[in-house]
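One structure below.
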Amino acid sequence: MRVLVTGGAGFIGSNFIRYILEKHKDWEVINLDKLGYGSNLANLKDIENDPRYTFVKGDINDFELVSKLIKEVDAVINFAAESHVDRSISNPYAFIESNVLGVYTILEAIRKYNPEVRLVHVGTDEVYGDIIEGSFTEEDRLMPSSPYSASKAAGDMLVLGYARTYNLNASITRCTNNYGPYQFPEKLIPKTIIRASMGLKIPIYGTGQNVRDWLYVLDHCEAVELVLEKGEKREVYNISAGEEKTNLEVVKTILKLMGKDEDLIEFVEDRPGHDIRYSLDSTKIREQLGWKPKHNFKEGIKKTVEWYLSNEWWWKPLVDEKVLHPTPWKLRW
């Protein structure tokens, strides 16, 4: 199989490419990435010379380029997205451009040049909004709380609309918070590990009681692979680990693993529209496709901490003054 992965130089996309090439020796992967904010070719340094892997620098809004690549492949996995809530509050247009117009470009290229191609569009639990009790199923309404989640919801709707109108072979996945190797340092878990290793304060929004379900990135990759191979067209699949933790719990767990004092924790002004709790019911993918996560949070977070502490070469070039000296939500750290 020949697969086009968009956004493959990002955190989840790069882990997916490595996972696929390790598991499927006869598969080929084309990685299309514009190398914007959050992308990093160092994520794939270990496979850059693999003859089955091809990197193409380009934007998913480039219709001519996207069309050319889609003609050559059997499947498209769309990871490409602007994905940080704080930055979407400061600059919403970049999120509309990538997460809505970019999805439209991919769909139009498929419709016109390869309508039989398999498409898996990778989404997020944030499109549902927050939920105080219970868990969202795939049938629940979407109620996004930020420009980021609104743009992702719009992209999902485009995929479903095109799939029905033009009979495209497309599915959507919606996952909970990922963590693991190669995650950009602005995110909670790598930020906590990196700042703690430097003896710097760990900023936590509000009281730190916001709850997220944490999914190890390789478990997410396996779920996306299953949807690619076995998922039904026009279906949505929630992906969750059932590992709900408050932000404060996550930070305290990391500090304990690192032997650091909790005095490093610093509570800062909460961001606007901060969702209280995300929770997904992933019964559908578990029962229909046979997926279940292989890592619990205790195991996954230990592996993640060890990876960051052993790979300073990767994250040190990404750490700048805005990382070392965070400001309120108006800036990215």
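In the structure tokens, each chain is lettered A, B, ... as it comes, each chain's residues begin at 1, and ligands are numbered from 1 in order of appearance.
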Tell me, as an mmCIF file with all heavy atoms, in the first residue's frame, which residues lie within 8 Å of Ser151 of chain A, counting only C-alpha atoms; anything in the same chain fewer than 4 positions away does not count.
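For reference, selection_27.cif as written:
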data_model
loop_
_atom_site.group_PDB
_atom_site.id
_atom_site.type_symbol
_atom_site.label_atom_id
_atom_site.label_comp_id
_atom_site.auth_asym_id
_atom_site.auth_seq_id
_atom_site.Cartn_x
_atom_site.Cartn_y
_atom_site.Cartn_z
ATOM 1 N N PHE A 95 -5.801 28.906 11.915
ATOM 2 C CA PHE A 95 -6.499 27.653 12.194
ATOM 3 C C PHE A 95 -7.603 27.407 11.165
ATOM 4 O O PHE A 95 -7.820 26.267 10.746
ATOM 5 C CB PHE A 95 -7.053 27.683 13.621
ATOM 6 C CG PHE A 95 -5.965 27.603 14.655
ATOM 7 C CD1 PHE A 95 -5.143 28.689 14.910
ATOM 8 C CD2 PHE A 95 -5.736 26.432 15.338
ATOM 9 C CE1 PHE A 95 -4.119 28.614 15.834
ATOM 10 C CE2 PHE A 95 -4.702 26.346 16.271
ATOM 11 C CZ PHE A 95 -3.889 27.436 16.512
ATOM 12 N N ILE A 96 -8.283 28.466 10.753
ATOM 13 C CA ILE A 96 -9.290 28.335 9.699
ATOM 14 C C ILE A 96 -8.610 27.924 8.392
ATOM 15 O O ILE A 96 -9.091 27.036 7.667
ATOM 16 C CB ILE A 96 -10.048 29.662 9.497
ATOM 17 C CG1 ILE A 96 -10.705 30.104 10.804
ATOM 18 C CG2 ILE A 96 -11.076 29.530 8.379
ATOM 19 C CD1 ILE A 96 -11.691 29.128 11.380
ATOM 20 N N ASN A 99 -7.187 24.072 9.102
ATOM 21 C CA ASN A 99 -8.120 23.050 9.572
ATOM 22 C C ASN A 99 -9.448 23.014 8.820
ATOM 23 O O ASN A 99 -10.197 22.049 8.936
ATOM 24 C CB ASN A 99 -8.390 23.235 11.059
ATOM 25 C CG ASN A 99 -7.123 23.184 11.893
ATOM 26 O OD1 ASN A 99 -6.049 22.867 11.387
ATOM 27 N ND2 ASN A 99 -7.235 23.519 13.157
ATOM 28 N N VAL A 100 -9.740 24.096 8.077
ATOM 29 C CA VAL A 100 -10.967 24.122 7.279
ATOM 30 C C VAL A 100 -10.634 24.152 5.791
ATOM 31 O O VAL A 100 -10.978 23.223 5.047
ATOM 32 C CB VAL A 100 -11.861 25.326 7.648
ATOM 33 C CG1 VAL A 100 -13.168 25.276 6.850
ATOM 34 C CG2 VAL A 100 -12.154 25.350 9.145
ATOM 35 N N PRO A 147 -11.557 28.781 18.986
ATOM 36 C CA PRO A 147 -11.356 28.809 17.532
ATOM 37 C C PRO A 147 -10.715 27.528 17.007
ATOM 38 O O PRO A 147 -11.054 27.064 15.917
ATOM 39 C CB PRO A 147 -10.444 30.021 17.335
ATOM 40 C CG PRO A 147 -10.776 30.929 18.480
ATOM 41 C CD PRO A 147 -11.028 29.994 19.641
ATOM 42 N N GLY A 155 -13.964 21.119 9.839
ATOM 43 C CA GLY A 155 -13.294 20.151 8.974
ATOM 44 C C GLY A 155 -13.984 18.805 8.984
ATOM 45 O O GLY A 155 -14.162 18.165 7.939
#
Just the residues within 12 Å of Glu299 of chain A, please, counting only C-alpha atoms, with nothing from its chain fewer than 3 positions along; format it as a list in words.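 The residues satisfying every condition are Tyr179, Gly180, Trp214, Leu215, Tyr216, Glu243, Thr253, Ile254, Leu257, Pro293, Lys294, His295, Asn296, Lys302, Lys303, Thr304, Val305 and Glu306 of chain A.
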Quick one: everything within 9 Å of Asp33 of chain A, counting only C-alpha atoms, minus sequence neighbours fewer than 6 positions away in the same chain. Send it as a short mmCIF file (atom, residue, chain, number, x, y, z; two decimals) with C-alpha atoms, in the first residue's frame.
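Once written, out28.cif looks like this:
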data_model
loop_
_atom_site.label_atom_id
_atom_site.label_comp_id
_atom_site.auth_asym_id
_atom_site.auth_seq_id
_atom_site.Cartn_x
_atom_site.Cartn_y
_atom_site.Cartn_z
CA VAL A 5 0.39 11.25 5.36
CA THR A 6 -0.27 14.97 5.65
CA GLY A 7 1.33 16.73 8.60
CA GLY A 8 3.73 13.85 9.04
CA ALA A 9 6.49 15.98 10.57
CA GLY A 10 4.31 16.79 13.57
CA SER A 39 6.56 20.49 12.64
CA PHE A 55 9.27 13.71 2.26
CA VAL A 56 7.58 16.46 0.26
CA LYS A 57 7.63 20.00 1.59
CA GLY A 58 4.32 21.64 0.80
CA ASP A 59 1.03 23.04 2.07
CA ILE A 60 -2.26 21.10 2.06
CA ALA A 80 -2.18 18.22 9.16
#
Backbone DSSP call of strand (DSSP E) for segment 177-246 of chain A, listed as a count of residues only: 20
Report the distance between atom CA of Leu142 of chain A and atom CA of Ser14 of chain A in Å, rounded to one decimal place. 28.1 Å
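When only C-alpha atoms are used to measure the gap to Val29 of chain A, the shortest distance among A:Leu200, A:Ile77, A:Met157, A:Ile285 belongs to A:Ile77.
Considering only C-alpha atoms, the residue among A:Thr207, A:Ser88, A:Asn177, A:Ser197 positioned nearest to Phe297 of chain A is A:Asn177.
Of note, atom CA of Ile239 of chain A and atom CA of Asp219 of chain A are spaced 9.2 Å apart.
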So, counting only C-alpha atoms, which residue among A:Glu249, A:Glu126, A:Glu133, A:Glu244 is closest to Ile204 of chain A?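 Closest to Ile204 of chain A, using only C-alpha atoms: A:Glu249.
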Do you know which residues are at most 12 Å from segment 108-111 of chain A counting only C-alpha atoms, after dropping those on the same chain fewer than 2 positions away, and could you put them as an MDAnalysis selection string? chainID A and resid 4 60:76 101:106 113:119 158:159 161:170
Which residue is closest to Lys230 of chain A? Choose from A:Leu188, A:Leu255, A:Leu309, A:Leu289 and count only C-alpha atoms. A:Leu289
So that I can see what lies close to Thr173 of chain A, please list as a list in words the residues with an atom at most 8 Å from it, counting only C-alpha atoms and leaving out residues fewer than 4 positions away in the same chain.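 The neighbour list is Val120, His121, Val122, Gly123, Thr124, Val224, Val227, Val236, Tyr237, Asn238 and Ile239 of chain A.
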Under the rule that only C-alpha atoms are counted, which of A:Ser83, A:Ser145, A:Thr176, A:Thr246 is the nearest residue to Val211 of chain A? A:Thr246
Write out as a PyMOL selection string the set of residues from segment 138-295 of chain A that DSSP, computed on the backbone, places in alpha helix (DSSP H). chain A and resi 147-166+188-197+217-230+247-258+283-289
For a test of reading the model, state the distance in Å between atom CA of Asn91 of chain A and atom CA of Val250 of chain A, rounded to one decimal.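 Separation between atom CA of Asn91 of chain A and atom CA of Val250 of chain A: 27.9 Å.
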Selected residue of minimal separation from Tyr182 of chain A among A:Met1, A:Leu228, A:Leu41, A:Val251, counting only C-alpha atoms: A:Leu41
